[in-house]
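my_file.cif (mmCIF, C-alpha atoms) appears below.
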```cif
data_coords
loop_
_atom_site.label_atom_id
_atom_site.label_comp_id
_atom_site.auth_asym_id
_atom_site.auth_seq_id
_atom_site.Cartn_x
_atom_site.Cartn_y
_atom_site.Cartn_z
CA MET E 703 0.00 0.00 0.00
CA ASN E 704 2.97 2.30 0.60
CA THR E 705 3.91 2.24 -3.09
CA LEU E 706 0.38 3.21 -4.01
CA ILE E 707 0.43 6.16 -1.60
CA ASP E 708 3.84 7.29 -2.92
CA LYS E 709 2.43 7.24 -6.43
CA LEU E 710 -0.70 9.17 -5.47
CA ASN E 711 1.32 11.67 -3.46
CA LYS E 712 2.77 13.08 -6.67
CA GLN E 713 -0.71 14.02 -7.84
CA PHE E 714 -2.57 14.92 -4.65
CA PRO E 715 -1.62 16.74 -1.41
CA LEU E 716 -1.94 13.71 0.87
CA LYS E 717 -1.12 13.91 4.57
CA ASN E 718 -0.76 11.67 7.62
CA PHE E 719 -0.72 8.22 6.05
CA VAL E 720 -1.30 5.61 8.76
CA GLN E 721 -1.06 1.91 8.01
CA GLN E 722 -3.38 0.46 10.61
CA ARG E 723 -3.20 -3.10 9.36
CA GLU E 724 -1.71 -4.72 6.32
CA ASN E 725 -5.01 -4.29 4.52
CA LEU E 726 -6.23 -1.02 6.05
CA GLY E 727 -4.77 2.45 5.67
CA PHE E 728 -5.87 5.97 6.60
CA ILE E 729 -5.10 9.08 4.61
CA THR E 730 -6.03 12.73 5.12
CA ILE E 731 -6.71 15.10 2.25
CA PRO E 732 -7.95 18.74 2.09
CA LYS E 733 -11.64 19.25 1.39
CA GLU E 734 -11.04 20.87 -2.02
CA ASN E 735 -9.16 17.89 -3.46
CA ALA E 736 -11.26 15.20 -1.84
CA VAL E 737 -13.79 14.41 -4.57
CA ALA E 738 -11.12 14.53 -7.29
CA PHE E 739 -9.00 12.12 -5.27
CA ILE E 740 -11.87 9.73 -4.57
CA THR E 741 -12.87 9.79 -8.23
CA HIS E 742 -9.27 9.09 -9.23
CA ILE E 743 -8.81 6.06 -7.02
CA GLN E 744 -12.22 4.74 -7.99
CA LYS E 745 -11.49 4.97 -11.71
CA PHE E 746 -7.79 4.14 -11.89
CA GLU E 747 -6.75 2.35 -8.67
CA GLY E 748 -9.59 -0.13 -8.39
CA PHE E 749 -11.18 1.16 -5.18
CA THR E 750 -14.61 0.49 -6.62
CA HIS E 751 -16.57 -0.27 -3.46
CA LEU E 752 -17.79 2.31 -0.95
CA VAL E 753 -17.84 0.44 2.36
CA LEU E 754 -18.96 3.27 4.58
CA LEU E 755 -19.33 7.01 4.78
CA THR E 756 -19.49 8.34 8.30
CA ALA E 757 -18.60 11.35 10.39
CA VAL E 758 -16.83 12.09 13.68
CA ASP E 759 -17.50 15.20 15.71
CA TRP E 760 -14.26 16.75 17.00
CA LEU E 761 -15.90 19.32 19.24
CA GLU E 762 -12.64 20.54 20.80
CA LYS E 763 -11.02 21.20 17.42
CA ASP E 764 -14.28 22.63 16.05
CA LYS E 765 -14.15 20.22 13.11
CA PHE E 766 -16.15 17.39 11.60
CA GLN E 767 -14.19 14.45 10.23
CA LEU E 768 -15.74 12.67 7.26
CA SER E 769 -14.44 9.16 6.68
CA TYR E 770 -14.89 7.52 3.29
CA ILE E 771 -13.90 3.87 3.62
CA LEU E 772 -13.13 2.49 0.16
CA ASN E 773 -12.37 -1.08 -0.74
CA ASN E 774 -10.38 -2.57 -3.56
CA PRO E 775 -11.88 -6.03 -4.10
CA ILE E 776 -9.01 -7.25 -6.28
CA ILE E 777 -6.08 -6.60 -3.96
CA LYS E 778 -8.44 -6.89 -0.95
CA LYS E 779 -7.38 -3.67 0.74
CA ASP E 780 -9.26 -0.82 2.42
CA LEU E 781 -8.30 2.82 2.24
CA THR E 782 -10.01 5.35 4.49
CA VAL E 783 -10.04 8.89 3.16
CA LYS E 784 -10.35 11.40 5.99
CA ILE E 785 -11.54 14.94 5.38
CA PHE E 786 -11.83 17.66 8.00
CA ILE E 787 -14.52 20.31 7.55
CA ASP E 788 -15.64 23.22 9.73
CA ARG E 789 -18.46 22.62 12.18
CA GLU E 790 -19.97 26.02 11.39
CA ASN E 791 -22.28 25.70 8.34
CA ALA E 792 -20.84 22.25 7.69
CA SER E 793 -21.06 21.38 4.02
CA MET E 794 -19.35 18.95 1.69
CA THR E 795 -19.44 18.12 -2.01
CA THR E 796 -21.67 15.16 -2.74
CA ILE E 797 -20.30 11.91 -4.19
CA HIS E 798 -23.61 10.35 -5.19
CA HIS E 799 -22.54 10.50 -8.85
CA LEU E 800 -19.81 7.95 -8.00
CA TRP E 801 -21.89 5.63 -5.84
CA GLU E 802 -25.66 5.98 -5.78
CA GLN E 803 -25.87 4.56 -2.28
CA ALA E 804 -23.80 7.47 -0.98
CA ALA E 805 -26.97 9.56 -1.19
CA THR E 806 -28.46 7.56 1.69
CA TYR E 807 -25.35 8.02 3.84
CA GLN E 808 -25.43 11.72 3.09
CA ARG E 809 -29.08 11.94 4.02
CA GLU E 810 -28.28 10.34 7.36
CA LEU E 811 -25.34 12.70 7.97
CA LYS E 812 -27.54 15.67 7.16
CA GLU E 813 -30.08 14.59 9.73
CA MET E 814 -27.81 13.30 12.48
CA PHE E 815 -24.89 15.75 12.22
CA GLY E 816 -26.33 18.62 10.22
CA ILE E 817 -23.71 18.28 7.48
CA ASP E 818 -25.18 19.52 4.23
CA PHE E 819 -24.54 17.88 0.87
CA PRO E 820 -26.05 20.24 -1.73
CA THR E 821 -27.68 18.59 -4.79
CA SER E 822 -27.60 15.12 -3.22
CA PRO E 823 -30.96 13.43 -3.94
CA ARG E 824 -33.59 13.60 -1.17
CA VAL E 825 -31.02 14.98 1.25
CA ASP E 826 -33.57 17.18 3.01
CA LYS E 827 -36.14 14.43 3.53
CA PRO E 828 -36.41 12.98 7.05
CA PHE E 829 -34.34 9.81 7.35
CA ILE E 830 -35.10 8.30 10.79
CA LEU E 831 -36.28 11.19 12.93
CA GLU E 832 -39.61 12.60 11.88
CA GLY E 833 -40.20 16.28 12.50
CA TRP E 834 -36.99 16.83 14.47
CA ASP E 835 -36.69 20.49 15.49
CA ASP E 836 -33.71 20.47 17.86
CA LEU E 837 -29.94 20.33 17.37
CA PRO E 838 -28.92 17.28 15.28
CA PRO E 839 -28.67 14.53 17.89
CA TYR E 840 -25.25 13.08 17.00
CA ARG E 841 -23.51 16.40 17.58
CA ARG E 842 -21.57 16.20 20.80
CA ASP E 843 -22.92 19.47 22.15
CA PHE E 844 -26.44 18.00 22.02
CA ASP E 845 -27.32 16.87 25.57
CA THR E 846 -29.35 13.72 25.02
CA LYS E 847 -30.03 13.13 28.74
CA LYS E 848 -31.39 16.63 29.24
CA TYR E 849 -33.52 16.35 26.10
CA SER E 850 -34.92 13.00 27.24
CA GLU E 851 -35.74 14.30 30.71
CA GLU E 852 -37.53 17.32 29.31
CA THR E 853 -39.46 15.42 26.67
CA TYR E 854 -40.28 11.86 27.67
CA PHE E 855 -41.87 12.07 31.14
CA PRO E 856 -39.12 10.30 33.12
CA ARG E 857 -40.28 7.99 35.89
CA PRO E 858 -39.02 9.26 39.24
CA GLY E 859 -37.09 7.07 41.66
CA ARG E 860 -34.44 5.81 39.31
CA GLU E 861 -31.13 5.25 41.06
CA LYS E 862 -27.84 4.77 39.35
CA ASN E 863 -24.25 4.27 40.35
CA ASP E 864 -21.33 5.92 38.69
CA PRO E 865 -19.19 2.85 37.88
CA ALA E 866 -15.88 4.54 38.76
CA GLU E 867 -17.14 5.84 42.11
CA TYR E 868 -18.83 2.55 42.92
CA MET E 869 -15.73 0.44 42.27
CA LYS E 870 -13.54 2.89 44.18
CA GLN E 871 -15.76 2.62 47.23
CA LYS E 872 -15.93 -1.12 46.95
CA LEU E 873 -12.22 -1.77 46.43
CA TYR E 874 -10.56 1.11 48.31
CA PRO E 875 -13.06 2.27 50.92
CA ASN E 876 -10.37 3.94 53.09
CA GLU E 877 -8.91 6.23 50.46
CA MET X 1092 -47.92 17.20 5.95
CA ARG X 1093 -47.32 14.31 3.62
CA GLU X 1094 -48.18 14.78 -0.02
CA GLU X 1095 -50.86 12.09 -0.14
CA LEU X 1096 -52.75 13.74 2.74
CA GLU X 1097 -53.14 17.12 1.08
CA LYS X 1098 -56.37 18.28 -0.48
CA ARG X 1099 -56.51 17.54 -4.19
CA ILE X 1100 -58.82 17.12 -7.15
CA VAL X 1101 -59.08 13.75 -8.88
CA TYR X 1102 -60.93 12.97 -12.10
CA SER X 1103 -63.30 10.09 -12.60
CA PRO X 1104 -63.19 8.07 -15.88
CA GLU X 1105 -66.09 10.21 -17.13
CA GLY X 1106 -64.01 13.35 -16.58
CA GLU X 1107 -65.92 14.49 -13.51
CA ALA X 1108 -63.81 16.46 -11.05
CA ILE X 1109 -63.96 15.22 -7.45
CA GLU X 1110 -62.47 17.20 -4.61
CA ILE X 1111 -60.80 15.04 -1.96
CA ASP X 1112 -59.67 15.96 1.52
CA PRO X 1113 -58.00 12.74 2.73
CA LEU X 1114 -57.97 13.64 6.42
CA LYS X 1115 -61.75 14.11 6.36
CA ASP X 1116 -62.81 11.62 3.70
CA TYR X 1117 -60.61 8.65 4.51
CA PHE X 1118 -61.01 8.65 8.27
CA CYS X 1119 -63.92 8.73 10.67
CA ASP X 1120 -63.58 11.72 12.97
CA ALA X 1121 -65.87 10.43 15.75
CA LEU X 1122 -64.10 10.24 19.09
CA PRO X 1123 -63.92 6.99 21.08
CA GLN X 1124 -66.85 6.25 23.39
CA VAL X 1125 -66.93 4.58 26.78
CA GLU X 1126 -68.73 1.28 26.35
CA GLN X 1127 -71.28 0.42 29.00
CA LYS X 1128 -71.12 -2.96 30.66
CA SER X 1129 -74.01 -5.35 30.36
CA SER X 1130 -76.54 -4.75 33.13
CA ILE X 1131 -76.88 -8.49 33.73
CA ALA X 1132 -73.89 -9.47 35.81
CA ILE X 1133 -73.78 -13.11 34.78
CA LEU X 1134 -73.77 -12.18 31.08
CA GLU X 1135 -70.85 -9.82 31.63
CA LYS X 1136 -69.06 -12.53 33.58
CA PHE X 1137 -69.61 -15.01 30.78
CA ALA X 1138 -68.38 -12.51 28.20
CA ASN X 1139 -65.23 -11.87 30.23
CA TRP X 1140 -64.60 -15.58 30.58
CA ALA X 1141 -65.00 -16.02 26.83
CA ARG X 1142 -62.69 -13.07 26.10
CA SER X 1143 -59.99 -14.45 28.37
CA ARG X 1144 -60.06 -17.82 26.61
CA SER X 1145 -59.24 -16.41 23.20
CA LEU X 1146 -56.59 -13.72 23.06
CA TRP X 1147 -55.69 -12.54 19.60
CA VAL X 1148 -52.40 -10.74 19.52
CA LEU X 1149 -51.41 -8.17 16.95
CA GLY X 1150 -48.29 -9.36 15.14
CA PHE X 1151 -46.43 -6.09 15.47
CA GLY X 1152 -42.95 -6.16 16.97
CA THR X 1153 -41.94 -2.69 18.07
CA GLY X 1154 -38.48 -3.37 19.48
CA CYS X 1155 -35.95 -6.07 20.25
CA GLY X 1156 -38.49 -7.88 22.46
CA ALA X 1157 -40.33 -9.06 19.38
CA ILE X 1158 -37.73 -11.82 19.20
CA GLU X 1159 -39.33 -13.37 22.30
CA MET X 1160 -42.65 -13.76 20.53
CA ARG X 1161 -41.28 -16.05 17.84
CA PRO X 1162 -40.48 -18.98 20.16
CA LEU X 1163 -43.92 -18.47 21.70
CA MET X 1164 -45.62 -19.03 18.36
CA THR X 1165 -43.59 -22.10 17.52
CA PRO X 1166 -43.74 -25.61 19.08
CA LYS X 1167 -41.08 -24.97 21.73
CA PHE X 1168 -43.38 -22.86 23.90
CA ASP X 1169 -46.57 -23.10 21.83
CA ALA X 1170 -48.76 -20.30 23.14
CA TYR X 1171 -51.64 -21.56 20.99
CA ARG X 1172 -52.49 -24.18 23.61
CA TYR X 1173 -53.42 -21.28 25.93
CA GLY X 1174 -55.81 -19.82 23.37
CA ILE X 1175 -53.32 -17.15 22.28
CA GLN X 1176 -52.74 -16.58 18.62
CA TRP X 1177 -51.20 -13.94 16.43
CA ARG X 1178 -53.17 -12.01 13.84
CA PRO X 1179 -51.90 -9.96 10.92
CA THR X 1180 -54.14 -6.89 11.20
CA PRO X 1181 -55.25 -4.56 14.00
CA ARG X 1182 -58.92 -5.09 13.13
CA GLN X 1183 -58.72 -8.76 14.05
CA SER X 1184 -56.72 -8.48 17.24
CA GLU X 1185 -57.36 -7.38 20.79
CA VAL X 1186 -54.00 -7.69 22.58
CA PHE X 1187 -51.13 -5.38 21.74
CA VAL X 1188 -47.74 -6.56 22.99
CA ILE X 1189 -45.41 -3.56 23.08
CA SER X 1190 -42.21 -5.52 22.80
CA GLY X 1191 -39.34 -3.53 24.21
CA TYR X 1192 -38.13 -0.04 23.45
CA LEU X 1193 -40.38 2.27 21.53
CA SER X 1194 -38.95 5.03 19.38
CA VAL X 1195 -41.03 8.08 18.57
CA LYS X 1196 -41.30 7.00 14.96
CA THR X 1197 -42.68 3.60 16.00
CA LEU X 1198 -44.97 5.16 18.60
CA LYS X 1199 -46.81 6.94 15.82
CA ARG X 1200 -47.50 3.62 14.07
CA VAL X 1201 -48.37 2.00 17.40
CA ILE X 1202 -51.00 4.64 18.12
CA ARG X 1203 -52.51 4.19 14.68
CA SER X 1204 -52.67 0.43 15.14
CA TYR X 1205 -53.93 0.62 18.71
CA GLU X 1206 -56.77 2.94 17.78
CA GLN X 1207 -57.82 0.67 14.93
CA MET X 1208 -58.15 -2.34 17.20
CA GLN X 1209 -61.63 -3.32 18.30
CA GLY X 1210 -62.60 -2.94 21.94
CA PRO X 1211 -62.26 -4.42 24.47
CA LYS X 1212 -58.52 -4.28 23.89
CA TYR X 1213 -55.57 -4.88 26.14
CA VAL X 1214 -51.93 -3.80 26.18
CA ILE X 1215 -49.05 -5.87 27.51
CA ALA X 1216 -45.85 -3.90 28.03
CA LEU X 1217 -42.84 -6.16 27.65
CA GLY X 1218 -39.43 -5.30 29.03
CA SER X 1219 -37.96 -2.57 31.20
CA CYS X 1220 -37.94 -0.05 28.38
CA THR X 1221 -41.70 0.35 28.54
CA ILE X 1222 -41.63 0.90 32.31
CA ASN X 1223 -38.95 3.55 32.79
CA GLY X 1224 -36.96 3.60 29.58
CA GLY X 1225 -34.66 0.72 30.58
CA MET X 1226 -31.22 0.98 29.10
CA TYR X 1227 -32.46 3.64 26.69
CA TRP X 1228 -33.68 5.91 29.50
CA ASP X 1229 -31.55 8.87 28.35
CA SER X 1230 -31.94 8.34 24.61
CA TYR X 1231 -33.11 11.24 22.49
CA ASN X 1232 -35.45 9.05 20.52
CA THR X 1233 -37.15 6.47 22.75
CA ILE X 1234 -40.01 7.04 25.15
CA ASN X 1235 -39.63 6.39 28.87
CA ARG X 1236 -43.11 5.57 30.14
CA LEU X 1237 -45.60 3.79 27.96
CA ASP X 1238 -48.57 4.48 30.27
CA TYR X 1239 -48.47 8.15 29.29
CA TYR X 1240 -49.48 7.29 25.73
CA MET X 1241 -51.86 4.35 26.13
CA PRO X 1242 -53.38 2.44 29.03
CA VAL X 1243 -51.32 -0.61 30.02
CA ASP X 1244 -52.85 -3.72 31.59
CA VAL X 1245 -49.80 -5.86 32.35
CA TYR X 1246 -46.13 -5.01 32.68
CA ILE X 1247 -43.51 -7.72 32.29
CA ALA X 1248 -40.19 -6.55 33.72
CA GLY X 1249 -36.84 -7.76 32.46
CA CYS X 1250 -34.32 -7.10 29.77
CA MET X 1251 -35.32 -9.27 28.00
CA PRO X 1252 -37.94 -11.39 29.78
CA ARG X 1253 -37.89 -15.03 28.77
CA PRO X 1254 -40.84 -16.47 26.83
CA GLU X 1255 -41.93 -18.15 30.07
CA ALA X 1256 -42.30 -14.71 31.64
CA LEU X 1257 -44.37 -13.64 28.68
CA LEU X 1258 -46.61 -16.68 29.13
CA ALA X 1259 -46.99 -15.81 32.81
CA GLY X 1260 -47.91 -12.30 31.74
CA PHE X 1261 -50.61 -13.66 29.44
CA GLU X 1262 -51.96 -15.78 32.30
CA HIS X 1263 -52.04 -12.68 34.49
CA LEU X 1264 -53.87 -10.78 31.77
CA LYS X 1265 -56.45 -13.56 31.60
CA LYS X 1266 -56.99 -13.24 35.34
CA ILE X 1267 -57.46 -9.48 35.00
CA ILE X 1268 -59.98 -9.95 32.18
CA ARG X 1269 -61.95 -12.58 34.11
CA GLU X 1270 -62.18 -10.23 37.09
CA GLY X 1271 -63.56 -7.54 34.79
CA ARG X 1272 -60.61 -5.19 35.27
CA GLY X 1273 -59.48 -5.14 31.63
CA GLU X 1274 -60.87 -1.67 31.03
CA GLY X 1275 -58.06 -0.25 28.90
CA ALA X 1276 -60.22 0.80 25.96
CA ASN X 1277 -62.69 2.61 28.23
CA LYS X 1278 -59.87 4.30 30.11
CA TYR X 1279 -58.44 5.47 26.81
CA ALA X 1280 -61.82 6.88 25.76
CA LYS X 1281 -62.31 8.58 29.13
CA ASP X 1282 -58.88 10.23 29.34
CA PHE X 1283 -58.63 10.68 25.59
CA ALA X 1284 -57.65 14.37 25.78
CA TRP X 1285 -54.79 13.67 28.20
CA TYR X 1286 -53.40 10.77 26.17
CA LYS X 1287 -53.67 12.78 22.97
CA ALA X 1288 -51.89 15.78 24.49
CA ASN X 1289 -49.01 13.55 25.62
CA GLN X 1290 -48.79 11.89 22.22
CA LYS X 1291 -48.81 15.20 20.40
CA LYS X 1292 -46.15 16.62 22.69
CA ILE X 1293 -43.53 14.18 21.45
CA ILE X 1294 -44.75 13.43 17.91
CA LYS X 1295 -43.77 16.69 16.27
CA ASP X 1296 -45.02 16.06 12.74
CA TRP X 1297 -48.56 14.98 13.53
CA ASP X 1298 -50.03 14.21 10.12
CA MET X 1299 -52.99 12.00 10.92
CA PRO X 1300 -56.46 12.55 12.35
CA ASP X 1301 -56.87 12.70 16.13
CA TYR X 1302 -58.58 9.36 16.26
CA ASN X 1303 -57.59 6.80 13.60
CA TRP X 1304 -60.64 4.66 13.63
#
```
Kindly return the structure encoded in the file as structure tokens.
Amino acid sequence: MNTLIDKLNKQFPLKNFVQQRENLGFITIPKENAVAFITHIQKFEGFTHLVLLTAVDWLEKDKFQLSYILNNPIIKKDLTVKIFIDRENASMTTIHHLWEQAATYQRELKEMFGIDFPTSPRVDKPFILEGWDDLPPYRRDFDTKKYSEETYFPRPGREKNDPAEYMKQKLYPNE
Amino acid sequence: MREELEKRIVYSPEGEAIEIDPLKDYFCDALPQVEQKSSIAILEKFANWARSRSLWVLGFGTGCGAIEMRPLMTPKFDAYRYGIQWRPTPRQSEVFVISGYLSVKTLKRVIRSYEQMQGPKYVIALGSCTINGGMYWDSYNTINRLDYYMPVDVYIAGCMPRPEALLAGFEHLKKIIREGRGEGANKYAKDFAWYKANQKKIIKDWDMPDYNW
């Protein structure tokens, strides 16, 4: 996989290559070059299968990470393309022209993270949540416990133990 | 509002224009009524006995607990020997087993199905999730207490309860029905405004009539 990355490096500004396993690598690329790069490796390097498109919320860095996991079924290797975009007005170029099923992933990301993919088919239609009017629930600044307590009539009398505190008291009661 | 529920004009084969308002024309807007018991006590007792001997369950699995209903239907536990059988439509069934966690999206379908069922009807709440939210108690998308949205006759605690527990729950429901305490449908009709307000509080895109009969 290293030779492949060296070859691609001449064409694209790739960063931070990490070889996680023999058959799995991670690569970071700027947002502007991302779709060109993904198109290139789909057409010419045999990464013809989109395994997964998902997002990670890096709240502290104020960034969203989009991960496109691509698979080459002939050499049996996965390459994950990581792209960092701003959390404010998060938006990314759609790739549904490369894989039709990407439209569904993008619809989910729009609903759960609030990342927009302009011109992606049905991206504004509700995916799982119907009539959601709060912050997108997968964002880390969305407080799911608070939302649940305000909305779903919690039953009083529920007790819970913080696992760390509980084990500390049980194992080291004198400290 | 969904597209198919909006007012529109359709044309008959003869070219006649017909105006359609689906929410008014496709649904009955009468509210549920409290059904009076028979004045003859022995008749009522007989009816309750008969009801308890033949429970028809709606085959609608709402959460992970639906997996417990499959062994019940099949020879391993064979609920049919207790007079319990599963039916494909709400119109034919009288017991609704809420099996496990209930997301808001499913709750909307559950309400539609529950209201279409014929009275007297009973609800069995299966699993901890229906009691206080269970392991999904702080989820943004699952309800915590089922009894705020529909009257519940029997709770079966556990995560998940075994099919034996479900059978015991059915036996308990039979006892309740025989004693004449299975009044869920009447309770729903009586406190209809309260139930509806709770349902509408969490279902944000309410696009169906108030009572889906």
For chain E, which residues have at least one atom within 6 Å of chain X, if we go by only C-alpha atoms? Write them as a PDB file with C-alpha atoms, keeping the file's coordinate frame, please.
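And here is the file that came out, out17.pdb:
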```pdb
ATOM      1  CA  GLY E 833     -40.200  16.280  12.500  1.00  0.00           C
ATOM      2  CA  THR E 846     -29.350  13.720  25.020  1.00  0.00           C
ATOM      3  CA  LYS E 847     -30.030  13.130  28.740  1.00  0.00           C
ATOM      4  CA  SER E 850     -34.920  13.000  27.240  1.00  0.00           C
ATOM      5  CA  TYR E 854     -40.280  11.860  27.670  1.00  0.00           C
ATOM      6  CA  PRO E 856     -39.120  10.300  33.120  1.00  0.00           C
ATOM      7  CA  ARG E 857     -40.280   7.990  35.890  1.00  0.00           C
TER       8      ARG E 857
END
```
Evaluate the PyMOL selection byres ((chain E and resi 822-826) around 12) and report residues as a PDB file with C-alpha atoms, in the coordinates of the input:
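Result file follows (out_39.pdb):
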```pdb
ATOM      1  CA  SER E 793     -21.060  21.380   4.020  1.00  0.00           C
ATOM      2  CA  MET E 794     -19.350  18.950   1.690  1.00  0.00           C
ATOM      3  CA  THR E 795     -19.440  18.120  -2.010  1.00  0.00           C
ATOM      4  CA  THR E 796     -21.670  15.160  -2.740  1.00  0.00           C
ATOM      5  CA  ILE E 797     -20.300  11.910  -4.190  1.00  0.00           C
ATOM      6  CA  HIS E 798     -23.610  10.350  -5.190  1.00  0.00           C
ATOM      7  CA  HIS E 799     -22.540  10.500  -8.850  1.00  0.00           C
ATOM      8  CA  LEU E 800     -19.810   7.950  -8.000  1.00  0.00           C
ATOM      9  CA  TRP E 801     -21.890   5.630  -5.840  1.00  0.00           C
ATOM     10  CA  GLU E 802     -25.660   5.980  -5.780  1.00  0.00           C
ATOM     11  CA  GLN E 803     -25.870   4.560  -2.280  1.00  0.00           C
ATOM     12  CA  ALA E 804     -23.800   7.470  -0.980  1.00  0.00           C
ATOM     13  CA  ALA E 805     -26.970   9.560  -1.190  1.00  0.00           C
ATOM     14  CA  THR E 806     -28.460   7.560   1.690  1.00  0.00           C
ATOM     15  CA  TYR E 807     -25.350   8.020   3.840  1.00  0.00           C
ATOM     16  CA  GLN E 808     -25.430  11.720   3.090  1.00  0.00           C
ATOM     17  CA  ARG E 809     -29.080  11.940   4.020  1.00  0.00           C
ATOM     18  CA  GLU E 810     -28.280  10.340   7.360  1.00  0.00           C
ATOM     19  CA  LEU E 811     -25.340  12.700   7.970  1.00  0.00           C
ATOM     20  CA  LYS E 812     -27.540  15.670   7.160  1.00  0.00           C
ATOM     21  CA  GLU E 813     -30.080  14.590   9.730  1.00  0.00           C
ATOM     22  CA  MET E 814     -27.810  13.300  12.480  1.00  0.00           C
ATOM     23  CA  GLY E 816     -26.330  18.620  10.220  1.00  0.00           C
ATOM     24  CA  ILE E 817     -23.710  18.280   7.480  1.00  0.00           C
ATOM     25  CA  ASP E 818     -25.180  19.520   4.230  1.00  0.00           C
ATOM     26  CA  PHE E 819     -24.540  17.880   0.870  1.00  0.00           C
ATOM     27  CA  PRO E 820     -26.050  20.240  -1.730  1.00  0.00           C
ATOM     28  CA  THR E 821     -27.680  18.590  -4.790  1.00  0.00           C
ATOM     29  CA  LYS E 827     -36.140  14.430   3.530  1.00  0.00           C
ATOM     30  CA  PRO E 828     -36.410  12.980   7.050  1.00  0.00           C
ATOM     31  CA  PHE E 829     -34.340   9.810   7.350  1.00  0.00           C
ATOM     32  CA  ILE E 830     -35.100   8.300  10.790  1.00  0.00           C
ATOM     33  CA  LEU E 831     -36.280  11.190  12.930  1.00  0.00           C
ATOM     34  CA  GLU E 832     -39.610  12.600  11.880  1.00  0.00           C
ATOM     35  CA  GLY E 833     -40.200  16.280  12.500  1.00  0.00           C
ATOM     36  CA  TRP E 834     -36.990  16.830  14.470  1.00  0.00           C
TER      37      TRP E 834
END
```
List the neighbours of Trp1285 in chain X out to 12 Å using only C-alpha atoms; skip same-chain residues closer than 6 positions along the sequence, and give me the result as a PDB file with C-alpha atoms, keeping the file's coordinate frame.
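Here's the written file selection.pdb:
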```
ATOM      1  CA  ASP X1238     -48.570   4.480  30.270  1.00  0.00           C
ATOM      2  CA  TYR X1239     -48.470   8.150  29.290  1.00  0.00           C
ATOM      3  CA  TYR X1240     -49.480   7.290  25.730  1.00  0.00           C
ATOM      4  CA  MET X1241     -51.860   4.350  26.130  1.00  0.00           C
ATOM      5  CA  PRO X1242     -53.380   2.440  29.030  1.00  0.00           C
ATOM      6  CA  LYS X1278     -59.870   4.300  30.110  1.00  0.00           C
ATOM      7  CA  TYR X1279     -58.440   5.470  26.810  1.00  0.00           C
ATOM      8  CA  LYS X1291     -48.810  15.200  20.400  1.00  0.00           C
ATOM      9  CA  LYS X1292     -46.150  16.620  22.690  1.00  0.00           C
TER      10      LYS X1292
END
```
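The two atoms in question, CA of Phe1261 in chain X and CA of Ser1204 in chain X, are spaced 20.2 Å apart.
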Original post:
Leaving out Leu1114 in chain X and any residue of its chain fewer than 5 positions from it, which residues lie within 10 Å of it when counting only C-alpha atoms, given as a list in words?
Top reply: Glu1095, Leu1096, Glu1097, Lys1098, Cys1119, Asp1120, Asp1298, Met1299, Pro1300, Asp1301 and Asn1303 of chain X
Polymer residues at most 10 Å from Gly1218 in chain X, only C-alpha atoms, same-chain spacing of 5 or more positions, as a PDB file with C-alpha atoms, in the coordinates of the input:
```
ATOM      1  CA  GLY X1154     -38.480  -3.370  19.480  1.00  0.00           C
ATOM      2  CA  CYS X1155     -35.950  -6.070  20.250  1.00  0.00           C
ATOM      3  CA  GLY X1156     -38.490  -7.880  22.460  1.00  0.00           C
ATOM      4  CA  ILE X1189     -45.410  -3.560  23.080  1.00  0.00           C
ATOM      5  CA  SER X1190     -42.210  -5.520  22.800  1.00  0.00           C
ATOM      6  CA  GLY X1191     -39.340  -3.530  24.210  1.00  0.00           C
ATOM      7  CA  TYR X1192     -38.130  -0.040  23.450  1.00  0.00           C
ATOM      8  CA  ASN X1223     -38.950   3.550  32.790  1.00  0.00           C
ATOM      9  CA  GLY X1224     -36.960   3.600  29.580  1.00  0.00           C
ATOM     10  CA  GLY X1225     -34.660   0.720  30.580  1.00  0.00           C
ATOM     11  CA  TYR X1246     -46.130  -5.010  32.680  1.00  0.00           C
ATOM     12  CA  ILE X1247     -43.510  -7.720  32.290  1.00  0.00           C
ATOM     13  CA  ALA X1248     -40.190  -6.550  33.720  1.00  0.00           C
ATOM     14  CA  GLY X1249     -36.840  -7.760  32.460  1.00  0.00           C
ATOM     15  CA  CYS X1250     -34.320  -7.100  29.770  1.00  0.00           C
ATOM     16  CA  MET X1251     -35.320  -9.270  28.000  1.00  0.00           C
ATOM     17  CA  PRO X1252     -37.940 -11.390  29.780  1.00  0.00           C
ATOM     18  CA  ARG X1253     -37.890 -15.030  28.770  1.00  0.00           C
ATOM     19  CA  LEU X1257     -44.370 -13.640  28.680  1.00  0.00           C
TER      20      LEU X1257
END
```
Original post:
Evaluating the PyMOL selection byres ((chain X and resi 1212) around 9) on the displayed file yields which residues, as an MDAnalysis selection string?
Top reply: chainID X and resid 1184:1187 1205 1208:1211 1213:1214 1273:1276
Original post:
In Å, with one decimal, what is the gap from CA of Val1148 in chain X to CA of Ile1215 in chain X?
Top reply: 9.9 Å
**OP:** Name the residues in contact with Tyr770 in chain E at a cut-off of 9 Å, using all atoms listed in the file, excluding same-chain residues fewer than 6 positions from it; report them as number ranges by chain.
**Re:** E: 740, 752-757, 781-785
Residues as selected, C-alpha atoms, written as an mmCIF file, in the frame of the given file, can you do that?
```
data_model
loop_
_atom_site.group_PDB
_atom_site.id
_atom_site.type_symbol
_atom_site.label_atom_id
_atom_site.label_comp_id
_atom_site.auth_asym_id
_atom_site.auth_seq_id
_atom_site.Cartn_x
_atom_site.Cartn_y
_atom_site.Cartn_z
ATOM 1 C CA ILE E 740 -11.870 9.730 -4.570
ATOM 2 C CA LEU E 752 -17.790 2.310 -0.950
ATOM 3 C CA VAL E 753 -17.840 0.440 2.360
ATOM 4 C CA LEU E 754 -18.960 3.270 4.580
ATOM 5 C CA LEU E 755 -19.330 7.010 4.780
ATOM 6 C CA THR E 756 -19.490 8.340 8.300
ATOM 7 C CA ALA E 757 -18.600 11.350 10.390
ATOM 8 C CA LEU E 781 -8.300 2.820 2.240
ATOM 9 C CA THR E 782 -10.010 5.350 4.490
ATOM 10 C CA VAL E 783 -10.040 8.890 3.160
ATOM 11 C CA LYS E 784 -10.350 11.400 5.990
ATOM 12 C CA ILE E 785 -11.540 14.940 5.380
#
```
